[in-house]
Amino acid sequence: MSAAAGVTTPLMSTTADTKSTDPFVAHSHVQSSKHEQHRKVSIVGAGAVGMAIAVSIINQNLCSELTLIDIDTKKVSAEILDLQHGMGAAKMPVVVNGGSDITLTRHSNVCIVAAGVRQRVGESRRDLLNRNAELLAPIIRELARLSPKTILLMVSNPVDVMTYLAWKVSGFPASRVVGSGTTLDSSRFRNLLSKRLNVPVTSAHAYVIGEHGDMSVPVWSSVNVFGTQLRYLYPKAGTPNDPDRFNEISGQIVRSAADLIAAKGYTSWYEVTSCLALCVTPRLRLNDDSCGGGVGVSVCVVPRSFERF
Ligand SMILES: NC(=O)c1ccc[n+]([C@@H]2O[C@H](COP(=O)([O-])OP(=O)(O)OC[C@H]3O[C@@H](n4cnc5c(N)ncnc54)[C@H](O)[C@@H]3O)[C@@H](O)[C@H]2O)c1
């Protein structure tokens, strides 16, 4: 099994024992009832994005067990404890555990991958491609081996290429491998339209296709506000010669992430909504084995070098 430079072996451990001897594994004191259905979500990568997803999953009571895995043992044990400390105030306490040993993810209903490197200021998502592919391939292989019936949800960037990688490496059917794709871009599109038109975001319907990030394509012809096509009101909306300059929004969608990264170093909050709506909620709340509705279309070019995986 190959591992990226800097990836230490404990995470890649293949020991079959779920009762890990990892000294950093922290377990919750909260036990779920034997009678309630056991629903386990594992998140690999306890960084800004992974933790935003974790908090939202707990708050929505979407699982009975949440396992956090990160190569940074000190950080992940602190994050686990921090979450456990909040369980006293939780409506439905969740068993929170984890550590650096990936075998703790065994028998997960859903595995979310938010590990790896993120963009630095001035970097594109594509710049992360080779670094994250080398790092994630062995993680995905292990997740698939330990939870052969799980749904894999990819968040790490470049997310569309990493989703393809996950499908290829796991050997899972495509219906069980999903990425957040352009859902974030679509949400940014809707937000920008709602501000421009001064309408609630829930009434502004719009989609972005293509690849998440710089190669995304807003579909202006599909924009619908309060049930009316935007182009019925503004026939040239989104075109280069649009007198109302709606097309400025196209650039803003792409620039949003770079602006946020320059200001706060990362983006994280949307992934929560996107991930849960896409996959975790239908799988866990409705007990539906497939991925949920509302899935957008994203495409990407996969480098030939991916044949090595
Ligand atoms: N899909 C989207 O819409 C979207 C949006 C924002 C961020 N992202 C991506 O999500 C990823 C995570 O972003 P972040 O801001 O949380 O980064 P972060 O640096 O805060 O967290 C990444 C975590 O991964 C851990 N990690 C690194 N190697 C690991 C390994 N081998 N095994 C387990 N854990 C490992 C690190 O220790 C760190 O805690 C990035 O690739 C980022 O580009 C995607």
# chains A, B, ... in the order shown; residues from 1 in each chain; ligands from 1

call {"tool": "residues_near_ligand", "arguments": {"ligand": "ligand 1", "cutoff": "7 Å", "atoms": "only C-alpha atoms and all ligand atoms", "output": "ChimeraX atom specification"}}
result
/A:7,11,44-50,69-72,114-119,125,135-136,139,155-159,180-181,184,266-268,271

call {"tool": "select_by_dssp", "arguments": {"residues": "region 54-230 of chain A", "states": "strand (DSSP E)", "output": "PyMOL selection string"}}
result
chain A and resi 65-69+95-99+110-113+151-154+177-179+204-205+208-210+216-218+224-225+228-229

call {"tool": "residues_around", "arguments": {"residues": "region 248-263 of chain A", "least_positions_apart": "3", "cutoff": "9 Å", "atoms": "only C-alpha atoms", "output": "list in words"}}
result
Gln119, Arg120, Val121, Gly122, Glu123, Ser124, Asp185, Ser186, Arg188, Phe189, Leu192, Leu193, His212, Gly213, Asp214, Met215, Ser216, Val217, Pro218, Gly238, Arg245, Tyr266 and Thr267 of chain A

call {"tool": "residues_around", "arguments": {"residues": "region 166-172 of chain A", "least_positions_apart": "2", "cutoff": "12 Å", "atoms": "only C-alpha atoms", "output": "PyMOL selection string"}}
result
chain A and resi 1+111-113+132-156+159-164+174-179+302+306-309

call {"tool": "closest_residue", "arguments": {"among": "A:Gln84, A:Ser100, A:Ser203, A:Asn59", "to": "Gly227 (chain A)", "atoms": "only C-alpha atoms"}}
result
A:Ser203

call {"tool": "select_by_dssp", "arguments": {"residues": "region 56-284 of chain A", "states": "alpha helix (DSSP H)", "output": "MDAnalysis selection string"}}
result
chainID A and resid 56:59 73:85 129:146 159:170 183:197 230:233 248:264 269:275 281:284

call {"tool": "residues_around", "arguments": {"residues": "Cys63 (chain A)", "least_positions_apart": "6", "cutoff": "7 Å", "atoms": "only C-alpha atoms", "output": "VMD selection string"}}
result
chain A and resid 39 to 41 94 284

call {"tool": "write_last_selection", "arguments": {"atoms": "C-alpha atoms", "output": "mmCIF file, in the first residue's frame"}}
result
data_model
loop_
_atom_site.group_PDB
_atom_site.id
_atom_site.type_symbol
_atom_site.label_atom_id
_atom_site.label_comp_id
_atom_site.auth_asym_id
_atom_site.auth_seq_id
_atom_site.Cartn_x
_atom_site.Cartn_y
_atom_site.Cartn_z
ATOM 1 C CA ARG A 39 -26.180 4.527 12.537
ATOM 2 C CA LYS A 40 -22.492 5.196 12.201
ATOM 3 C CA VAL A 41 -20.808 8.021 10.316
ATOM 4 C CA VAL A 94 -24.129 10.695 20.097
ATOM 5 C CA LEU A 284 -29.482 7.900 7.721
#

call {"tool": "residues_around", "arguments": {"residues": "Val219 (chain A)", "least_positions_apart": "6", "cutoff": "9 Å", "atoms": "only C-alpha atoms", "output": "list in words"}}
result
Ala206, Tyr207, Val208, Ile209 and Gly238 of chain A

call {"tool": "write_last_selection", "arguments": {"atoms": "C-alpha atoms", "output": "mmCIF file, in the first residue's frame"}}
result
data_model
loop_
_atom_site.group_PDB
_atom_site.id
_atom_site.type_symbol
_atom_site.label_atom_id
_atom_site.label_comp_id
_atom_site.auth_asym_id
_atom_site.auth_seq_id
_atom_site.Cartn_x
_atom_site.Cartn_y
_atom_site.Cartn_z
ATOM 1 C CA ALA A 206 -30.152 28.134 -10.212
ATOM 2 C CA TYR A 207 -27.572 25.509 -11.092
ATOM 3 C CA VAL A 208 -23.881 25.424 -11.785
ATOM 4 C CA ILE A 209 -22.471 22.536 -13.803
ATOM 5 C CA GLY A 238 -25.762 36.164 -18.147
#

call {"tool": "closest_residue", "arguments": {"among": "A:Ser222, A:Ser298, A:Gln37, A:Thr67", "to": "Val110 (chain A)", "atoms": "only C-alpha atoms"}}
result
A:Thr67
